[in-house]
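Asks: Structure provided below as structure tokens; questions to follow.
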2 protein chains.
Amino acid sequence: MSYQAPLRDMRFVVHELFDASAHCAALGTGLDRELIDGVLEEAAQFTAHELAPLNRGGDEQGCRLDDGQVTTPQGFRAAYRQYVEHGWASMTGPQDFAGQGFPLLVAACVHEMLMSACLSLRIYSGLTEGAVLALHKHGSPALQRDYLAKLVSGQWTGTMCLTEAQAGTDLALLRTRAEPQADGSYRISGSKIFISGGEHDLAENIIHLVLARLPDAPTGVKGISLFLVPKFIANGDGSLGARNAVSCGALEHKMGIKGAATCVMNFDGASGYLIGNANQGLACMFTMMNDARFQVGLQGLGIAEAAYQGALRYARERLQSRGLAGAVAPAQAADPIIVHPDVRRMLLTQKTLVEGARMLAAYTALQLDNEQQQHDSAAARRTALLIPILKGFVTDLGQEVASLGVQVYGGHGYIREWGMEQLMRDSRITQLYEGTNGIQALDLVRRKVLGDGGAELNALLDECAAQAERAAQHPALAALAAPVQQRLTEWRALSAEVLQRCHADVQEIGAVSVDFLHYSAYVLLASLWLRAAECAQQALDNASDEHAFYQAKLHSTAFYLKRILPRASAHREALLGGAACLLALDAEHFAF
Amino acid sequence: MSYQAPLRDMRFVVHELFDASAHCAALGTGLDRELIDGVLEEAAQFTAHELAPLNRGGDEQGCRLDDGQVTTPQGFRAAYRQYVEHGWASMTGPQDFAGQGFPLLVAACVHEMLMSACLSLRIYSGLTEGAVLALHKHGSPALQRDYLAKLVSGQWTGTMCLTEAQAGTDLALLRTRAEPQADGSYRISGSKIFISGGEHDLAENIIHLVLARLPDAPTGVKGISLFLVPKFIANGDGSLGARNAVSCGALEHKMGIKGAATCVMNFDGASGYLIGNANQGLACMFTMMNDARFQVGLQGLGIAEAAYQGALRYARERLQSRGLAGAVAPAQAADPIIVHPDVRRMLLTQKTLVEGARMLAAYTALQLDNEQQQHDSAAARRTALLIPILKGFVTDLGQEVASLGVQVYGGHGYIREWGMEQLMRDSRITQLYEGTNGIQALDLVRRKVLGDGGAELNALLDECAAQAERAAQHPALAALAAPVQQRLTEWRALSAEVLQRCHADVQEIGAVSVDFLHYSAYVLLASLWLRAAECAQQALDNASDEHAFYQAKLHSTAFYLKRILPRASAHREALLGGAACLLALDAEHFAF
């Protein structure tokens, strides 16, 4: 399937909505608008011409395991080599290890493109960036010296080894062991499952970040430590040393992302090196996990954009039936299906969810930059609140948008060669990995809202309300601002109600969580759409020569408010239904 | 994946809710409760032991095409032979052609089982039943004599050949031609796509029902005729005659239902026989299409039931984390995940949608029986209204329930061997074929609601309101009846509003259609759940010894009303958003 990066919308979000130049200046990166646009343009070329053509074949071929060696689909090796050579791998890497230190606000656009074009290939490099973050923040100078530069450049890749067969969501059940050795290293023994990029042929070395238990460790999550376990032990001069006792035992057969090797990894007394303090592995891993959750949110966005592009192309070309009010293209045998209101409903749902998610991702990226590069504690609180929403909501909408893509194609959507059904299969993993979306919702309600008594949520609400208030002053925007203001007031009241209920009954946390996450996300997106409308109106007021582009933003805002935002009502009513109706049935009485 | 037919719930629906014995007596079939239960029990055995074990392998192997011959997956031939020998094929067939004349109210339960156990295999036989209906209603005595008995018995199978590459939804664009021959037959030439069971190795002959144009036919849908085109021409004595010029040119590579051969069929001057009158093919085909739409609704239900069974089993066995209020199974390493409110939310969503859909399917089946066997015109009006709702809604919920099944399994849901992701892939076709769900919604609003000025919908509403009024009189049911009564009143007002808007602006038909279908379906299911609650309460009042079963029905009703029915609010608000926001954007301004 062909793919063209949505450059105009990305520029709108990055520059017009979030003023990337000022952001870069504040971060001291020395990037200006021209440079940023040049990078986005180059990434657009690379993803359209080098990566997108690999996506279908990657799905058909999948990965192969022979004698412990994994072969990735045809073209993946060459594309990955280009990716590294062109410097895409090192974009966000720390500058003290030859990274380019790009802010996420910009890099996230490139990441989105990589995911739209070929998600399976991006999975290898995305986790490497997370490993870099964790190693840079928690690793010893010696480990950083031996491993970091090669990970930053992408010559080596990283993995994240958490899950075991008996321990998925519940890491307290981890069994992998780490025995201290005389030389300060550890012998790691155990088996991990669902390890993305655990073994492959893209890079000469693979660096596993592995959670394991020391012999004297406390039980539960307080007895977990983080270890670096390389496939080949680094010699210190950048060359490869001994092959370590870590191997791929099997590849999973999956619904999608078939070009991404999902491995069972066996550690048979492999040499490992402690990262951070003993028994504090979970905290160290969370640096990587938080980045991974942000990236998975982007995956939902990337797939959704690809599905929207496919559906829009098809809806403009496919001739079938006449418009309800008569022929629109009377010279042709039938009208293009984009004339049908219900097809437009599907396309506009895709469009406003995709563009809304892009604004949400950019807003989160900006806060992540401020947290990571400026050590801004307000930004850290904000990202803590936003990341479960981004991951939990954008991946759900990614699946919805991909499914709408299939639907717009009718029967052809179900046929593999058209590419739409692959997007549905590929995106389905994003709702599951790096914490299921149910776990994201629990994290949001329990840790991020109850955790501070709703303080950070109220801070976000204040910011949104102030912006809506400002927009409401503009005569052309008042009608758009009104429903947003109303929902923001409702959100505040609902949050207070949720806090009160959850304090009164701990079961309410799990009873409200998913609906509260979705409610919040829909209202937050409404607020971002209003911000987009304000920005667009300003351009129109300044007599921009891109009238149609800005007018489309206003139309899209109206569509979102009228046809998508009503979903918030259903989530609100449902969560107010309470926990009792969830708990009434004994486990043995669910079926007879 | 293992499967056990939900016999207790089926008996509840068939006997307790819809009094199958009385229904059978009215139809004069001579079936009583004991006989019906025996048949259901036998079908449960057959589907659990012979069909369910084929489902995973069928997905992995798919169908193969070699030299025009299609090979179905291992085990399909033997299973189909058993299916025919045990008389499952002829269950609903007309008794004048050795069919058993079972009412659909009962047969639909068996069909659901077939679909839960192995949808791909059921697709071959489901279309055969539709061909029987069309041939029995519209075919000449000679055609019936030559072809019907073998189709009824399942020794031969049927297909439905509508779609061409350029003509999917829009049958007006059909090009396949039919040339009259001196002997009264026709030469059929053209190519059809997406033909389920177009070629296979399950039966010795395949009877295609083909839409084509006569040389002098008017353009558009008024120039389409229906032809019977057999793979082997029947000799009249039941033996096979000449091989006809119809062949399978290719198999589609699909997202799912891989055991069902989806064929490109080429008709190269094949001999065909007119069914019904010239140029009235669409009306004849609609007999088959209506049955197919009912069956596709059942497919959504069948897949959903299978997904619920899988998820429930896993949620009871999988140990992960502790309950929010503390350990529930302290002797184990962790609690079964069914203790978590959010997992229960997913399971109860599955359960109440599945059981709700089963009630809706049974209610529709009962009306179809009355229409087809009693020629009851009120029943015909009711089925016309219900079938687009059943097809459009139950297949959407089938996809949702299958996706929830994946979600309950966490990462394992994405792995093929667990079987959950296959259910998602298999069910996705049901939202597309036999008219996409968007087409179902247009059919509902345009033909079935606007078509009679809302008369039949109001008749249905009167019936629902009367039942709710009755339920409200019972002190134990009043709290459940109140929200249903409120929604029924809202539905009536909304329908009037929709009628008025659609009369004022034809574009509103397409703008409201899908949301109106979903709104209607959620309220209709609420009404059916209240009926179930009334029935359960009666059993409890009579001191039934199945206290837990009936109590579960009351709990499920409460869950549905509190946590699912709120979705109706979102659909209502969205459709009231109107057509203008769908039409504002020029087709070229959807992307820049």
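We label chains A, B, ... in the order they appear in the structure tokens, count residues from 1 in each chain, and number ligands from 1 in the order shown.
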Can you pull out every residue within 12 Å of Ala217 of chain B, counting only C-alpha atoms, but drop anything in the same chain fewer than 3 positions away, and send it as JSON, numbers by chain?
Replies: {"B": [172, 174, 175, 176, 177, 178, 179, 212, 213, 214, 220, 221, 222, 223, 224, 225, 278, 279, 280, 281]}
Asks: Extract, using only C-alpha atoms, all DNA, RNA and protein residues at most 7 Å from segment 319-323 of chain A, discarding same-chain residues fewer than 2 positions from it, and format them as a PyMOL selection string.
Replies: (chain A and resi 317+325-328+334-337+339-340) or (chain B and resi 169-170)
Asks: Could you check how far atom CA of Gln61 of chain A sits from atom CA of Ile415 of chain B, in Å to one decimal?
Replies: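 Straight-line distance from atom CA of Gln61 of chain A to atom CA of Ile415 of chain B works out to 16.8 Å.
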Asks: Within segment 25-74 of chain B, find each residue whose DSSP state, derived from the backbone, is strand (DSSP E or B), and express the selection as an MDAnalysis selection string.
Replies: chainID B and resid 64:66 69:71
Asks: Store the residues of this selection in a file with all heavy atoms, as a CSV table (one decimal), in the first residue's frame.
Replies:
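Saved result, part.csv, follows:
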```csv
chain,number,residue,atom,x,y,z
B,64,ARG,N,-7.0,-24.8,-1.1
B,64,ARG,CA,-6.0,-24.8,-2.1
B,64,ARG,C,-6.6,-24.9,-3.5
B,64,ARG,O,-7.6,-25.7,-3.6
B,64,ARG,CB,-5.0,-26.0,-1.9
B,64,ARG,CG,-3.5,-25.6,-2.1
B,64,ARG,CD,-2.7,-26.8,-1.8
B,64,ARG,NE,-3.0,-28.0,-2.5
B,64,ARG,CZ,-3.3,-29.2,-1.9
B,64,ARG,NH1,-3.3,-29.3,-0.6
B,64,ARG,NH2,-3.7,-30.2,-2.7
B,65,LEU,N,-6.1,-24.2,-4.5
B,65,LEU,CA,-6.6,-24.3,-5.9
B,65,LEU,C,-5.6,-24.9,-6.8
B,65,LEU,O,-4.5,-24.4,-6.9
B,65,LEU,CB,-7.1,-23.0,-6.4
B,65,LEU,CG,-7.5,-22.9,-7.8
B,65,LEU,CD1,-8.9,-23.6,-8.0
B,65,LEU,CD2,-7.7,-21.4,-8.3
B,66,ASP,N,-5.8,-26.1,-7.3
B,66,ASP,CA,-4.9,-26.7,-8.3
B,66,ASP,C,-5.7,-27.1,-9.5
B,66,ASP,O,-6.6,-27.9,-9.4
B,66,ASP,CB,-4.2,-27.9,-7.7
B,66,ASP,CG,-3.5,-27.7,-6.4
B,66,ASP,OD1,-2.6,-26.9,-6.4
B,66,ASP,OD2,-4.0,-28.2,-5.4
B,69,GLN,N,-9.3,-27.2,-9.4
B,69,GLN,CA,-9.9,-28.0,-8.3
B,69,GLN,C,-9.6,-27.4,-6.9
B,69,GLN,O,-8.4,-27.0,-6.7
B,69,GLN,CB,-9.3,-29.4,-8.2
B,69,GLN,CG,-9.4,-30.2,-9.6
B,69,GLN,CD,-10.8,-30.6,-9.9
B,69,GLN,OE1,-11.5,-31.1,-9.0
B,69,GLN,NE2,-11.2,-30.5,-11.2
B,70,VAL,N,-10.6,-27.2,-6.1
B,70,VAL,CA,-10.3,-26.7,-4.8
B,70,VAL,C,-10.3,-27.8,-3.7
B,70,VAL,O,-11.2,-28.6,-3.7
B,70,VAL,CB,-11.4,-25.6,-4.4
B,70,VAL,CG1,-11.3,-25.3,-2.9
B,70,VAL,CG2,-11.3,-24.4,-5.3
B,71,THR,N,-9.3,-27.8,-2.9
B,71,THR,CA,-9.2,-28.7,-1.8
B,71,THR,C,-9.4,-28.0,-0.5
B,71,THR,O,-8.8,-27.0,-0.2
B,71,THR,CB,-7.8,-29.4,-1.8
B,71,THR,OG1,-7.5,-29.9,-3.1
B,71,THR,CG2,-7.7,-30.5,-0.7
```
Asks: Work out how far apart atom CA of Asn205 of chain B and atom CA of Gly272 of chain B are and give it in Å to one decimal.
Replies: 14.6 Å
Asks: Using only C-alpha atoms, which of the listed residues (A:Asp376, A:Glu497, A:Glu421, A:Asp586) sits closest to Gly256 of chain A?
Replies: A:Glu421
Asks: Write down as a ChimeraX atom specification the residues belonging to segment 224-319 of chain B that are assigned alpha helix (DSSP H) by DSSP computed on the backbone.
Replies: /B:281-317
Asks: What is the atom CA of Arg572 of chain B-atom CA of Arg567 of chain A distance in Å, reported with one decimal?
Replies: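 Computing the Euclidean distance for atom CA of Arg572 of chain B and atom CA of Arg567 of chain A yields 9.9 Å.
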Asks: At a cut-off of 10 Å, using only C-alpha atoms, what residues contact Ala149 of chain A? Leave out same-chain residues fewer than 6 positions from it and give the result as a VMD selection string.
Replies: chain A and resid 90 93 to 99 132 155 to 156 238
Asks: May I have the residues from that selection written out with N, CA, C and O atoms, as a PDB file, in the first residue's frame?
Replies:
```pdb
ATOM      1  N   SER A  90      19.565   7.533  15.401  1.00  0.00           N
ATOM      2  CA  SER A  90      20.183   8.331  16.470  1.00  0.00           C
ATOM      3  C   SER A  90      19.472   9.657  16.724  1.00  0.00           C
ATOM      4  O   SER A  90      19.932  10.477  17.503  1.00  0.00           O
ATOM      5  N   GLY A  93      18.734  10.173  20.321  1.00  0.00           N
ATOM      6  CA  GLY A  93      19.779   9.712  21.239  1.00  0.00           C
ATOM      7  C   GLY A  93      20.494  10.875  21.915  1.00  0.00           C
ATOM      8  O   GLY A  93      20.570  11.986  21.376  1.00  0.00           O
ATOM      9  N   PRO A  94      21.047  10.613  23.124  1.00  0.00           N
ATOM     10  CA  PRO A  94      21.753  11.669  23.863  1.00  0.00           C
ATOM     11  C   PRO A  94      23.024  12.103  23.125  1.00  0.00           C
ATOM     12  O   PRO A  94      23.739  11.275  22.552  1.00  0.00           O
ATOM     13  N   GLN A  95      23.256  13.406  23.150  1.00  0.00           N
ATOM     14  CA  GLN A  95      24.368  13.940  22.363  1.00  0.00           C
ATOM     15  C   GLN A  95      25.740  13.515  22.901  1.00  0.00           C
ATOM     16  O   GLN A  95      26.699  13.443  22.150  1.00  0.00           O
ATOM     17  N   ASP A  96      25.799  13.187  24.208  1.00  0.00           N
ATOM     18  CA  ASP A  96      27.086  12.712  24.751  1.00  0.00           C
ATOM     19  C   ASP A  96      27.432  11.310  24.250  1.00  0.00           C
ATOM     20  O   ASP A  96      28.539  10.833  24.472  1.00  0.00           O
ATOM     21  N   PHE A  97      26.523  10.668  23.573  1.00  0.00           N
ATOM     22  CA  PHE A  97      26.840   9.384  22.935  1.00  0.00           C
ATOM     23  C   PHE A  97      26.523   9.447  21.443  1.00  0.00           C
ATOM     24  O   PHE A  97      26.041   8.489  20.855  1.00  0.00           O
ATOM     25  N   ALA A  98      26.819  10.608  20.883  1.00  0.00           N
ATOM     26  CA  ALA A  98      26.702  10.812  19.436  1.00  0.00           C
ATOM     27  C   ALA A  98      25.266  10.772  18.927  1.00  0.00           C
ATOM     28  O   ALA A  98      25.030  10.589  17.730  1.00  0.00           O
ATOM     29  N   GLY A  99      24.324  10.937  19.841  1.00  0.00           N
ATOM     30  CA  GLY A  99      22.951  11.088  19.386  1.00  0.00           C
ATOM     31  C   GLY A  99      22.708  12.507  18.911  1.00  0.00           C
ATOM     32  O   GLY A  99      23.527  13.416  19.140  1.00  0.00           O
ATOM     33  N   VAL A 132      18.048   2.713  25.228  1.00  0.00           N
ATOM     34  CA  VAL A 132      19.002   3.832  25.345  1.00  0.00           C
ATOM     35  C   VAL A 132      18.612   4.725  26.520  1.00  0.00           C
ATOM     36  O   VAL A 132      19.456   5.087  27.353  1.00  0.00           O
ATOM     37  N   GLN A 155      23.476   0.526  15.440  1.00  0.00           N
ATOM     38  CA  GLN A 155      24.265  -0.634  14.994  1.00  0.00           C
ATOM     39  C   GLN A 155      23.905  -1.873  15.797  1.00  0.00           C
ATOM     40  O   GLN A 155      23.992  -2.979  15.312  1.00  0.00           O
ATOM     41  N   TRP A 156      23.598  -1.640  17.063  1.00  0.00           N
ATOM     42  CA  TRP A 156      23.054  -2.711  17.893  1.00  0.00           C
ATOM     43  C   TRP A 156      21.614  -2.335  18.243  1.00  0.00           C
ATOM     44  O   TRP A 156      21.258  -1.160  18.251  1.00  0.00           O
ATOM     45  N   GLY A 238      34.424  -1.582  21.334  1.00  0.00           N
ATOM     46  CA  GLY A 238      33.366  -1.565  20.318  1.00  0.00           C
ATOM     47  C   GLY A 238      33.285  -2.855  19.530  1.00  0.00           C
ATOM     48  O   GLY A 238      32.314  -3.092  18.826  1.00  0.00           O
TER      49      GLY A 238
END
```
Asks: Write out as a ChimeraX atom specification which residues come within 8 Å of Gln485 of chain A when counting only C-alpha atoms, dropping same-chain ones fewer than 6 positions away.
Replies: /A:465,468-469
Asks: So, with only C-alpha atoms as the atoms that count, which of A:Leu480, A:Val14, A:Ala570, A:Ala26 lies closest to Gln374 of chain A?
Replies: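 Of all the options, A:Ala26 lies closest to Gln374 of chain A.
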Asks: Please identify all polymer residues within 12 Å of Cys263 of chain A, counting only C-alpha atoms, omitting same-chain residues fewer than 6 positions from it, and present them as a count of residues only.
Replies: 31
Asks: Excluding same-chain residues fewer than 4 positions from Gln181 of chain A, what lies within 12 Å of it counting only C-alpha atoms, as a ChimeraX atom specification?
Replies: /A:185-188,214-215,269-274
Asks: Pick from A:Leu51, A:Leu360, A:Leu324, A:Leu104: nearest to Ala20 of chain A, with only C-alpha atoms counted?
Replies: A:Leu104
